[in-house]
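Structure file structure22.cif with mmCIF, N, CA and C atoms:
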```cif
data_input
#
loop_
_atom_site.label_atom_id
_atom_site.label_comp_id
_atom_site.auth_asym_id
_atom_site.auth_seq_id
_atom_site.Cartn_x
_atom_site.Cartn_y
_atom_site.Cartn_z
N ASP A 11 88.33 93.71 135.30
CA ASP A 11 88.02 92.83 134.18
C ASP A 11 86.55 92.43 134.30
N VAL A 12 85.75 92.84 133.30
CA VAL A 12 84.31 92.60 133.33
C VAL A 12 83.89 91.96 132.00
N ASP A 13 83.06 90.94 132.07
CA ASP A 13 82.49 90.32 130.88
C ASP A 13 81.16 91.02 130.57
N CYS A 14 81.18 91.87 129.55
CA CYS A 14 80.00 92.67 129.22
C CYS A 14 78.92 91.87 128.50
N THR A 15 79.22 90.64 128.16
CA THR A 15 78.21 89.81 127.49
C THR A 15 77.47 88.92 128.46
N ALA A 16 77.86 88.95 129.74
CA ALA A 16 77.23 88.07 130.73
C ALA A 16 76.77 88.89 131.93
N GLU A 17 77.18 88.47 133.14
CA GLU A 17 76.72 89.15 134.36
C GLU A 17 77.14 90.61 134.44
N GLY A 18 78.19 90.99 133.73
CA GLY A 18 78.68 92.36 133.79
C GLY A 18 77.95 93.34 132.89
N LYS A 19 76.97 92.88 132.13
CA LYS A 19 76.27 93.74 131.18
C LYS A 19 75.68 95.00 131.81
N PRO A 20 74.99 94.93 132.95
CA PRO A 20 74.46 96.16 133.55
C PRO A 20 75.56 97.18 133.89
N LEU A 21 76.68 96.69 134.40
CA LEU A 21 77.80 97.59 134.72
C LEU A 21 78.35 98.22 133.45
N CYS A 22 78.47 97.44 132.40
CA CYS A 22 78.97 97.97 131.13
C CYS A 22 78.02 99.00 130.55
N ASP A 23 76.72 98.71 130.59
CA ASP A 23 75.72 99.65 130.09
C ASP A 23 75.79 100.97 130.87
N ALA A 24 75.94 100.87 132.17
CA ALA A 24 75.98 102.07 133.02
C ALA A 24 77.21 102.92 132.75
N ASN A 25 78.27 102.30 132.21
CA ASN A 25 79.52 103.03 131.97
C ASN A 25 79.77 103.30 130.50
N GLY A 26 78.75 103.13 129.68
CA GLY A 26 78.85 103.50 128.28
C GLY A 26 79.71 102.59 127.43
N VAL A 27 79.87 101.35 127.82
CA VAL A 27 80.65 100.41 127.01
C VAL A 27 79.76 99.93 125.88
N ARG A 28 80.20 100.20 124.62
CA ARG A 28 79.41 99.82 123.46
C ARG A 28 80.11 98.79 122.59
N GLY A 29 81.42 98.74 122.66
CA GLY A 29 82.20 97.80 121.86
C GLY A 29 83.16 97.04 122.73
N TYR A 30 83.64 95.93 122.20
CA TYR A 30 84.53 95.08 122.99
C TYR A 30 85.78 94.78 122.17
N PRO A 31 86.97 94.78 122.71
CA PRO A 31 87.22 95.14 124.10
C PRO A 31 87.25 96.66 124.29
N THR A 32 86.86 97.10 125.44
CA THR A 32 86.90 98.50 125.82
C THR A 32 87.73 98.62 127.08
N ILE A 33 88.60 99.61 127.10
CA ILE A 33 89.42 99.86 128.29
C ILE A 33 88.97 101.18 128.88
N LYS A 34 88.62 101.16 130.15
CA LYS A 34 88.23 102.36 130.89
C LYS A 34 89.23 102.55 132.02
N TYR A 35 89.41 103.78 132.43
CA TYR A 35 90.32 104.07 133.53
C TYR A 35 89.83 105.29 134.30
N GLY A 36 90.40 105.49 135.47
CA GLY A 36 90.11 106.69 136.24
C GLY A 36 89.26 106.44 137.46
N ASP A 37 88.68 107.51 137.95
CA ASP A 37 87.82 107.46 139.12
C ASP A 37 86.62 106.56 138.80
N PRO A 38 86.34 105.58 139.64
CA PRO A 38 85.23 104.66 139.36
C PRO A 38 83.88 105.35 139.13
N SER A 39 83.71 106.53 139.68
CA SER A 39 82.44 107.23 139.47
C SER A 39 82.47 108.08 138.20
N ASN A 40 83.61 108.13 137.53
CA ASN A 40 83.75 108.93 136.30
C ASN A 40 84.79 108.29 135.39
N LEU A 41 84.55 107.06 134.97
CA LEU A 41 85.50 106.34 134.14
C LEU A 41 85.64 107.01 132.77
N GLU A 42 86.87 106.99 132.25
CA GLU A 42 87.14 107.59 130.96
C GLU A 42 87.59 106.50 129.99
N ASP A 43 87.37 106.75 128.69
CA ASP A 43 87.77 105.79 127.66
C ASP A 43 89.27 105.90 127.40
N TYR A 44 89.92 104.75 127.31
CA TYR A 44 91.32 104.70 126.88
C TYR A 44 91.32 104.69 125.36
N GLN A 45 92.06 105.61 124.75
CA GLN A 45 92.08 105.74 123.29
C GLN A 45 93.41 105.37 122.67
N GLY A 46 94.37 104.95 123.48
CA GLY A 46 95.72 104.69 122.96
C GLY A 46 95.88 103.33 122.31
N GLY A 47 97.13 103.03 122.01
CA GLY A 47 97.48 101.75 121.39
C GLY A 47 97.23 100.58 122.33
N ARG A 48 97.15 99.40 121.75
CA ARG A 48 96.83 98.20 122.53
C ARG A 48 98.05 97.30 122.74
N ASP A 49 99.20 97.70 122.21
CA ASP A 49 100.38 96.87 122.41
C ASP A 49 100.98 97.16 123.79
N TYR A 50 101.85 96.28 124.24
CA TYR A 50 102.42 96.37 125.59
C TYR A 50 103.08 97.72 125.84
N ASP A 51 103.91 98.17 124.91
CA ASP A 51 104.65 99.42 125.13
C ASP A 51 103.71 100.62 125.30
N ALA A 52 102.67 100.68 124.46
CA ALA A 52 101.72 101.80 124.56
C ALA A 52 100.95 101.74 125.88
N LEU A 53 100.50 100.54 126.26
CA LEU A 53 99.76 100.40 127.53
C LEU A 53 100.66 100.71 128.72
N LYS A 54 101.90 100.25 128.68
CA LYS A 54 102.85 100.50 129.79
C LYS A 54 103.11 102.00 129.93
N LYS A 55 103.35 102.67 128.80
CA LYS A 55 103.61 104.12 128.83
C LYS A 55 102.41 104.86 129.40
N PHE A 56 101.21 104.49 128.94
CA PHE A 56 100.00 105.13 129.44
C PHE A 56 99.84 104.90 130.93
N ALA A 57 100.05 103.66 131.37
CA ALA A 57 99.91 103.34 132.80
C ALA A 57 100.91 104.13 133.63
N ASP A 58 102.15 104.19 133.18
CA ASP A 58 103.17 104.91 133.93
C ASP A 58 102.84 106.40 134.06
N GLU A 59 102.25 106.97 133.01
CA GLU A 59 101.97 108.41 133.00
C GLU A 59 100.62 108.78 133.62
N ASN A 60 99.68 107.85 133.62
CA ASN A 60 98.31 108.24 133.98
C ASN A 60 97.67 107.48 135.14
N LEU A 61 98.10 106.28 135.41
CA LEU A 61 97.43 105.48 136.43
C LEU A 61 98.10 105.69 137.78
N LYS A 62 97.64 106.69 138.44
CA LYS A 62 98.13 107.05 139.77
C LYS A 62 97.00 107.78 140.46
N PRO A 63 97.09 107.97 141.76
CA PRO A 63 96.02 108.73 142.42
C PRO A 63 95.84 110.08 141.74
N MET A 64 94.59 110.44 141.53
CA MET A 64 94.29 111.68 140.82
C MET A 64 93.38 112.57 141.66
N CYS A 65 93.34 113.80 141.28
CA CYS A 65 92.45 114.76 141.92
C CYS A 65 91.02 114.27 141.81
N SER A 66 90.32 114.24 142.93
CA SER A 66 88.91 113.84 142.97
C SER A 66 88.36 114.25 144.32
N PRO A 67 87.06 114.17 144.52
CA PRO A 67 86.51 114.52 145.83
C PRO A 67 87.11 113.67 146.96
N SER A 68 87.49 112.43 146.65
CA SER A 68 88.08 111.58 147.69
C SER A 68 89.58 111.79 147.82
N ASN A 69 90.20 112.50 146.87
CA ASN A 69 91.64 112.82 146.93
C ASN A 69 91.84 114.31 146.70
N ILE A 70 91.11 115.12 147.44
CA ILE A 70 91.13 116.57 147.21
C ILE A 70 92.51 117.18 147.46
N ASP A 71 93.32 116.52 148.29
CA ASP A 71 94.66 117.03 148.57
C ASP A 71 95.55 116.98 147.33
N LEU A 72 95.16 116.22 146.31
CA LEU A 72 95.93 116.14 145.07
C LEU A 72 95.50 117.18 144.05
N CYS A 73 94.50 117.98 144.38
CA CYS A 73 93.94 118.96 143.45
C CYS A 73 94.62 120.31 143.57
N ASP A 74 94.68 121.01 142.43
CA ASP A 74 95.14 122.39 142.49
C ASP A 74 93.98 123.26 142.94
N ASP A 75 94.24 124.54 143.15
CA ASP A 75 93.22 125.43 143.70
C ASP A 75 91.98 125.53 142.81
N ASP A 76 92.17 125.54 141.49
CA ASP A 76 91.04 125.63 140.58
C ASP A 76 90.13 124.41 140.69
N LYS A 77 90.73 123.21 140.72
CA LYS A 77 89.93 121.99 140.83
C LYS A 77 89.25 121.91 142.20
N LYS A 78 89.95 122.33 143.24
CA LYS A 78 89.33 122.35 144.58
C LYS A 78 88.10 123.25 144.58
N ALA A 79 88.22 124.42 143.93
CA ALA A 79 87.09 125.36 143.87
C ALA A 79 85.94 124.74 143.07
N GLU A 80 86.25 124.03 142.00
CA GLU A 80 85.20 123.40 141.19
C GLU A 80 84.51 122.29 141.99
N ILE A 81 85.28 121.49 142.70
CA ILE A 81 84.71 120.43 143.54
C ILE A 81 83.82 121.05 144.61
N ASN A 82 84.29 122.10 145.26
CA ASN A 82 83.50 122.78 146.28
C ASN A 82 82.20 123.34 145.71
N LYS A 83 82.27 123.91 144.49
CA LYS A 83 81.07 124.45 143.83
C LYS A 83 80.03 123.34 143.66
N PHE A 84 80.47 122.17 143.19
CA PHE A 84 79.53 121.06 143.00
C PHE A 84 79.02 120.52 144.32
N GLN A 85 79.88 120.46 145.33
CA GLN A 85 79.45 119.99 146.64
C GLN A 85 78.42 120.93 147.25
N ASP A 86 78.58 122.22 147.03
CA ASP A 86 77.67 123.22 147.58
C ASP A 86 76.31 123.26 146.87
N MET A 87 76.20 122.64 145.70
CA MET A 87 74.96 122.67 144.93
C MET A 87 73.84 121.87 145.60
N GLY A 88 74.17 120.88 146.34
CA GLY A 88 73.15 120.00 146.91
C GLY A 88 72.82 118.91 145.91
N GLU A 89 72.31 117.81 146.43
CA GLU A 89 72.10 116.63 145.59
C GLU A 89 71.09 116.87 144.47
N GLU A 90 70.00 117.55 144.77
CA GLU A 90 68.96 117.77 143.76
C GLU A 90 69.48 118.61 142.60
N ASP A 91 70.13 119.75 142.91
CA ASP A 91 70.66 120.61 141.86
C ASP A 91 71.79 119.92 141.10
N LEU A 92 72.60 119.16 141.82
CA LEU A 92 73.70 118.44 141.19
C LEU A 92 73.16 117.38 140.23
N THR A 93 72.13 116.69 140.62
CA THR A 93 71.49 115.70 139.75
C THR A 93 70.95 116.38 138.50
N LYS A 94 70.29 117.52 138.67
CA LYS A 94 69.76 118.27 137.53
C LYS A 94 70.89 118.71 136.61
N TYR A 95 71.97 119.22 137.18
CA TYR A 95 73.13 119.67 136.39
C TYR A 95 73.70 118.50 135.58
N ILE A 96 73.87 117.35 136.23
CA ILE A 96 74.42 116.16 135.55
C ILE A 96 73.50 115.73 134.42
N GLU A 97 72.20 115.69 134.69
CA GLU A 97 71.23 115.29 133.65
C GLU A 97 71.28 116.24 132.46
N GLU A 98 71.41 117.55 132.72
CA GLU A 98 71.48 118.53 131.64
C GLU A 98 72.74 118.31 130.80
N LYS A 99 73.86 118.08 131.47
CA LYS A 99 75.12 117.88 130.74
C LYS A 99 75.12 116.57 129.97
N GLU A 100 74.52 115.53 130.55
CA GLU A 100 74.42 114.25 129.84
C GLU A 100 73.51 114.40 128.63
N LYS A 101 72.45 115.21 128.75
CA LYS A 101 71.57 115.48 127.62
C LYS A 101 72.32 116.21 126.52
N GLU A 102 73.17 117.16 126.91
CA GLU A 102 74.00 117.87 125.93
C GLU A 102 74.91 116.89 125.20
N GLN A 103 75.48 115.93 125.94
CA GLN A 103 76.33 114.93 125.31
C GLN A 103 75.53 114.08 124.32
N GLU A 104 74.34 113.64 124.74
CA GLU A 104 73.48 112.85 123.87
C GLU A 104 73.10 113.63 122.62
N ASP A 105 72.79 114.92 122.80
CA ASP A 105 72.43 115.76 121.66
C ASP A 105 73.61 115.92 120.70
N ALA A 106 74.80 116.10 121.25
CA ALA A 106 76.00 116.24 120.41
C ALA A 106 76.25 114.94 119.64
N GLU A 107 76.10 113.81 120.30
CA GLU A 107 76.29 112.51 119.64
C GLU A 107 75.23 112.31 118.56
N SER A 108 73.99 112.64 118.86
CA SER A 108 72.91 112.50 117.89
C SER A 108 73.14 113.41 116.68
N ASN A 109 73.53 114.64 116.93
CA ASN A 109 73.82 115.58 115.85
C ASN A 109 74.96 115.06 114.99
N PHE A 110 75.99 114.54 115.63
CA PHE A 110 77.13 113.97 114.90
C PHE A 110 76.67 112.84 113.99
N LYS A 111 75.88 111.92 114.54
CA LYS A 111 75.40 110.78 113.75
C LYS A 111 74.53 111.25 112.59
N ASP A 112 73.66 112.23 112.84
CA ASP A 112 72.81 112.76 111.77
C ASP A 112 73.64 113.38 110.66
N GLU A 113 74.63 114.17 111.03
CA GLU A 113 75.47 114.83 110.03
C GLU A 113 76.32 113.83 109.26
N VAL A 114 76.83 112.81 109.95
CA VAL A 114 77.60 111.76 109.27
C VAL A 114 76.71 111.03 108.29
N SER A 115 75.47 110.78 108.68
CA SER A 115 74.52 110.12 107.79
C SER A 115 74.30 110.97 106.53
N LYS A 116 74.17 112.28 106.71
CA LYS A 116 74.01 113.17 105.56
C LYS A 116 75.25 113.12 104.67
N LEU A 117 76.43 113.11 105.29
CA LEU A 117 77.66 113.03 104.52
C LEU A 117 77.73 111.71 103.75
N GLN A 118 77.32 110.62 104.40
CA GLN A 118 77.34 109.33 103.73
C GLN A 118 76.38 109.33 102.54
N SER A 119 75.22 109.93 102.71
CA SER A 119 74.26 110.02 101.61
C SER A 119 74.82 110.87 100.47
N ALA A 120 75.43 111.99 100.82
CA ALA A 120 76.04 112.86 99.81
C ALA A 120 77.17 112.12 99.09
N TYR A 121 77.98 111.40 99.85
CA TYR A 121 79.08 110.62 99.26
C TYR A 121 78.52 109.58 98.30
N GLN A 122 77.49 108.88 98.73
CA GLN A 122 76.88 107.85 97.89
C GLN A 122 76.38 108.46 96.57
N LYS A 123 75.69 109.59 96.67
CA LYS A 123 75.16 110.27 95.48
C LYS A 123 76.30 110.72 94.58
N LEU A 124 77.34 111.32 95.15
CA LEU A 124 78.49 111.77 94.35
C LEU A 124 79.18 110.58 93.68
N SER A 125 79.30 109.49 94.39
CA SER A 125 79.93 108.29 93.84
C SER A 125 79.11 107.74 92.68
N GLU A 126 77.79 107.69 92.85
CA GLU A 126 76.91 107.21 91.77
C GLU A 126 76.97 108.15 90.57
N ASP A 127 76.98 109.47 90.82
CA ASP A 127 77.07 110.45 89.73
C ASP A 127 78.39 110.30 88.98
N LYS A 128 79.47 110.13 89.72
CA LYS A 128 80.78 109.96 89.10
C LYS A 128 80.82 108.70 88.25
N ASP A 129 80.30 107.59 88.81
CA ASP A 129 80.28 106.33 88.06
C ASP A 129 79.46 106.48 86.77
N ALA A 130 78.32 107.15 86.87
CA ALA A 130 77.48 107.36 85.68
C ALA A 130 78.22 108.21 84.66
N LYS A 131 78.90 109.26 85.10
CA LYS A 131 79.64 110.14 84.18
C LYS A 131 80.79 109.38 83.54
N MET A 132 81.50 108.57 84.32
CA MET A 132 82.61 107.78 83.77
C MET A 132 82.09 106.80 82.72
N ASP A 133 80.95 106.18 83.00
CA ASP A 133 80.34 105.25 82.04
C ASP A 133 79.94 106.00 80.77
N GLU A 134 79.35 107.18 80.93
CA GLU A 134 78.96 108.01 79.79
C GLU A 134 80.18 108.36 78.93
N ILE A 135 81.27 108.73 79.59
CA ILE A 135 82.49 109.10 78.88
C ILE A 135 83.04 107.89 78.11
N LYS A 136 83.04 106.73 78.75
CA LYS A 136 83.51 105.52 78.06
C LYS A 136 82.65 105.22 76.85
N LYS A 137 81.33 105.34 77.03
CA LYS A 137 80.41 105.04 75.93
C LYS A 137 80.50 106.07 74.80
N SER A 138 81.05 107.24 75.08
CA SER A 138 81.16 108.29 74.06
C SER A 138 82.28 108.00 73.06
N GLY A 139 83.04 106.94 73.29
CA GLY A 139 84.09 106.57 72.34
C GLY A 139 85.49 106.83 72.82
N LEU A 140 85.68 107.15 74.06
CA LEU A 140 87.02 107.45 74.56
C LEU A 140 87.98 106.29 74.32
N GLY A 141 87.55 105.09 74.63
CA GLY A 141 88.44 103.94 74.45
C GLY A 141 88.84 103.76 73.01
N LEU A 142 87.88 103.89 72.10
CA LEU A 142 88.17 103.75 70.67
C LEU A 142 89.09 104.87 70.20
N ALA A 143 88.85 106.09 70.70
CA ALA A 143 89.71 107.23 70.34
C ALA A 143 91.15 106.97 70.77
N LYS A 144 91.33 106.42 71.95
CA LYS A 144 92.68 106.10 72.43
C LYS A 144 93.31 105.02 71.56
N ALA A 145 92.52 104.03 71.17
CA ALA A 145 93.04 102.96 70.32
C ALA A 145 93.47 103.51 68.97
N VAL A 146 92.65 104.40 68.38
CA VAL A 146 93.00 105.01 67.09
C VAL A 146 94.27 105.83 67.23
N LYS A 147 94.38 106.61 68.31
CA LYS A 147 95.58 107.43 68.53
C LYS A 147 96.80 106.54 68.63
N ALA A 148 96.69 105.45 69.37
CA ALA A 148 97.82 104.52 69.52
C ALA A 148 98.19 103.91 68.18
N SER A 149 97.18 103.61 67.35
CA SER A 149 97.48 103.00 66.05
C SER A 149 98.15 104.01 65.13
N LEU A 150 97.78 105.31 65.27
CA LEU A 150 98.43 106.34 64.46
C LEU A 150 99.90 106.46 64.80
N LYS A 151 100.20 106.41 66.08
CA LYS A 151 101.60 106.46 66.50
C LYS A 151 102.34 105.23 65.97
N GLY A 152 101.66 104.10 66.02
CA GLY A 152 102.26 102.86 65.54
C GLY A 152 102.51 102.89 64.06
N SER A 153 101.58 103.48 63.29
CA SER A 153 101.74 103.53 61.83
C SER A 153 102.81 104.54 61.45
N LYS A 154 102.93 105.62 62.18
CA LYS A 154 104.00 106.59 61.92
C LYS A 154 105.35 105.94 62.12
N GLY A 155 105.42 105.17 63.19
CA GLY A 155 106.68 104.50 63.49
C GLY A 155 107.05 103.51 62.39
N SER A 156 106.07 102.78 61.85
CA SER A 156 106.37 101.77 60.83
C SER A 156 106.72 102.45 59.49
N ASP A 157 106.15 103.65 59.22
CA ASP A 157 106.49 104.37 57.98
C ASP A 157 107.93 104.82 58.01
N GLU A 158 108.41 105.17 59.15
CA GLU A 158 109.76 105.69 59.23
C GLU A 158 110.81 104.61 59.11
N LEU A 159 110.45 103.38 59.31
CA LEU A 159 111.42 102.31 59.17
C LEU A 159 111.61 102.00 57.78
#
```
For this file, produce the structure as structure tokens.
Amino acid sequence: DVDCTAEGKPLCDANGVRGYPTIKYGDPSNLEDYQGGRDYDALKKFADENLKPMCSPSNIDLCDDDKKAEINKFQDMGEEDLTKYIEEKEKEQEDAESNFKDEVSKLQSAYQKLSEDKDAKMDEIKKSGLGLAKAVKASLKGSKGSDEL
């Protein structure tokens, strides 16, 4: 439990906490975002299924052969190469996030333009006499009905 608005802010910043409340779980050196429901049943189910010792460098005995090989590969890289690898992958994440935001912004602009165009077209159609035409049509039906009585 960390207060990200007070003394815990540096820890929150270091772990990518941007909104509150945020739930993180997993290996303290690689915390993951919890994306599930916030009610008791959803949290309990998630905890029962996921919050247990997991494969990691400190729990390598819990890893399958593929994960052990991956951990060994990273351990064999050395600190300098591992730091470079992490920085490159974090840059890829930042680039993906930036690209996503840019594309969403373009979509929002396109949506705004389409919405304005639609509103203008709807206004043009109304001004062309559509409402009056509907009223005349309704009155014709009404007059036909009264003639038949």
Considering only strand (DSSP E) as DSSP defines it on the backbone, what residues of chain A qualify? List them as a list in words.
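Output for chain A, strand (DSSP E) only: Lys34, Tyr35, Glu42 and Asp43 of chain A.
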Suppose we keep N, CA and C atoms; can you now write the selection as a PDB file, in the frame of the given file?
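Saved file again13.pdb follows:
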```
ATOM      1  N   LYS A  34      88.620 101.160 130.150  1.00  0.00           N
ATOM      2  CA  LYS A  34      88.230 102.360 130.890  1.00  0.00           C
ATOM      3  C   LYS A  34      89.230 102.550 132.020  1.00  0.00           C
ATOM      4  N   TYR A  35      89.410 103.780 132.430  1.00  0.00           N
ATOM      5  CA  TYR A  35      90.320 104.070 133.530  1.00  0.00           C
ATOM      6  C   TYR A  35      89.830 105.290 134.300  1.00  0.00           C
ATOM      7  N   GLU A  42      86.870 106.990 132.250  1.00  0.00           N
ATOM      8  CA  GLU A  42      87.140 107.590 130.960  1.00  0.00           C
ATOM      9  C   GLU A  42      87.590 106.500 129.990  1.00  0.00           C
ATOM     10  N   ASP A  43      87.370 106.750 128.690  1.00  0.00           N
ATOM     11  CA  ASP A  43      87.770 105.790 127.660  1.00  0.00           C
ATOM     12  C   ASP A  43      89.270 105.900 127.400  1.00  0.00           C
TER      13      ASP A  43
END
```
The PyMOL selection byres (((chain A and resi 28-42 and name CA) around 9) and name CA) on the file shown: which residues, as number ranges by chain?
A: 14, 22-23, 25-27, 43-45, 60-64, 66
Length of the atom C of Asp75 in chain A to CA of Met87 in chain A vector [Å]:
17.4 Å
Give me, please, the distance in Å between atom N of Tyr50 in chain A and atom C of Leu72 in chain A, quoted to one decimal.
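Distance reported for this atom pair: 29.5 Å.
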Atom C of Lys83 in chain A and atom N of Tyr95 in chain A, how far apart in Å?
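Atom-to-atom, atom N of Tyr95 in chain A to atom C of Lys83 in chain A, that is 11.1 Å.
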I need the helix (DSSP H, G or I) residues of range 19-90 of chain A per DSSP on the backbone, written as a count of residues only.
38
Let me know the centre plus edge lengths, in Å and rounded to one decimal, of a box with edges along x, y and z that contains all listed atoms of range 110-120 of chain A and is padded by 3 Å on every side, as AutoDock Vina command-line options.
```
--center_x 75.3 --center_y 112.1 --center_z 107.4 --size_x 10.9 --size_y 11.5 --size_z 22.5
```
Missing atoms of range 48-59 of chain A rebuilt to N, CA, C and O atoms, written as an mmCIF file, in the coordinates of the input:
```cif
data_model
loop_
_atom_site.group_PDB
_atom_site.id
_atom_site.type_symbol
_atom_site.label_atom_id
_atom_site.label_comp_id
_atom_site.auth_asym_id
_atom_site.auth_seq_id
_atom_site.Cartn_x
_atom_site.Cartn_y
_atom_site.Cartn_z
ATOM 1 N N ARG A 48 97.150 99.400 121.750
ATOM 2 C CA ARG A 48 96.830 98.200 122.530
ATOM 3 C C ARG A 48 98.050 97.300 122.740
ATOM 4 O O ARG A 48 97.938 96.252 123.359
ATOM 5 N N ASP A 49 99.200 97.700 122.210
ATOM 6 C CA ASP A 49 100.380 96.870 122.410
ATOM 7 C C ASP A 49 100.980 97.160 123.790
ATOM 8 O O ASP A 49 100.652 98.145 124.446
ATOM 9 N N TYR A 50 101.850 96.280 124.240
ATOM 10 C CA TYR A 50 102.420 96.370 125.590
ATOM 11 C C TYR A 50 103.080 97.720 125.840
ATOM 12 O O TYR A 50 102.832 98.349 126.878
ATOM 13 N N ASP A 51 103.910 98.170 124.910
ATOM 14 C CA ASP A 51 104.650 99.420 125.130
ATOM 15 C C ASP A 51 103.710 100.620 125.300
ATOM 16 O O ASP A 51 103.926 101.459 126.174
ATOM 17 N N ALA A 52 102.670 100.680 124.460
ATOM 18 C CA ALA A 52 101.720 101.800 124.560
ATOM 19 C C ALA A 52 100.950 101.740 125.880
ATOM 20 O O ALA A 52 100.767 102.764 126.545
ATOM 21 N N LEU A 53 100.500 100.540 126.260
ATOM 22 C CA LEU A 53 99.760 100.400 127.530
ATOM 23 C C LEU A 53 100.660 100.710 128.720
ATOM 24 O O LEU A 53 100.238 101.384 129.656
ATOM 25 N N LYS A 54 101.900 100.250 128.680
ATOM 26 C CA LYS A 54 102.850 100.500 129.790
ATOM 27 C C LYS A 54 103.110 102.000 129.930
ATOM 28 O O LYS A 54 103.082 102.547 131.033
ATOM 29 N N LYS A 55 103.350 102.670 128.800
ATOM 30 C CA LYS A 55 103.610 104.120 128.830
ATOM 31 C C LYS A 55 102.410 104.860 129.400
ATOM 32 O O LYS A 55 102.548 105.735 130.253
ATOM 33 N N PHE A 56 101.210 104.490 128.940
ATOM 34 C CA PHE A 56 100.000 105.130 129.440
ATOM 35 C C PHE A 56 99.840 104.900 130.930
ATOM 36 O O PHE A 56 99.542 105.826 131.692
ATOM 37 N N ALA A 57 100.050 103.660 131.370
ATOM 38 C CA ALA A 57 99.910 103.340 132.800
ATOM 39 C C ALA A 57 100.910 104.130 133.630
ATOM 40 O O ALA A 57 100.550 104.690 134.676
ATOM 41 N N ASP A 58 102.150 104.190 133.180
ATOM 42 C CA ASP A 58 103.170 104.910 133.930
ATOM 43 C C ASP A 58 102.840 106.400 134.060
ATOM 44 O O ASP A 58 103.112 107.019 135.087
ATOM 45 N N GLU A 59 102.250 106.970 133.010
ATOM 46 C CA GLU A 59 101.970 108.410 133.000
ATOM 47 C C GLU A 59 100.620 108.780 133.620
ATOM 48 O O GLU A 59 100.451 109.901 134.074
#
```
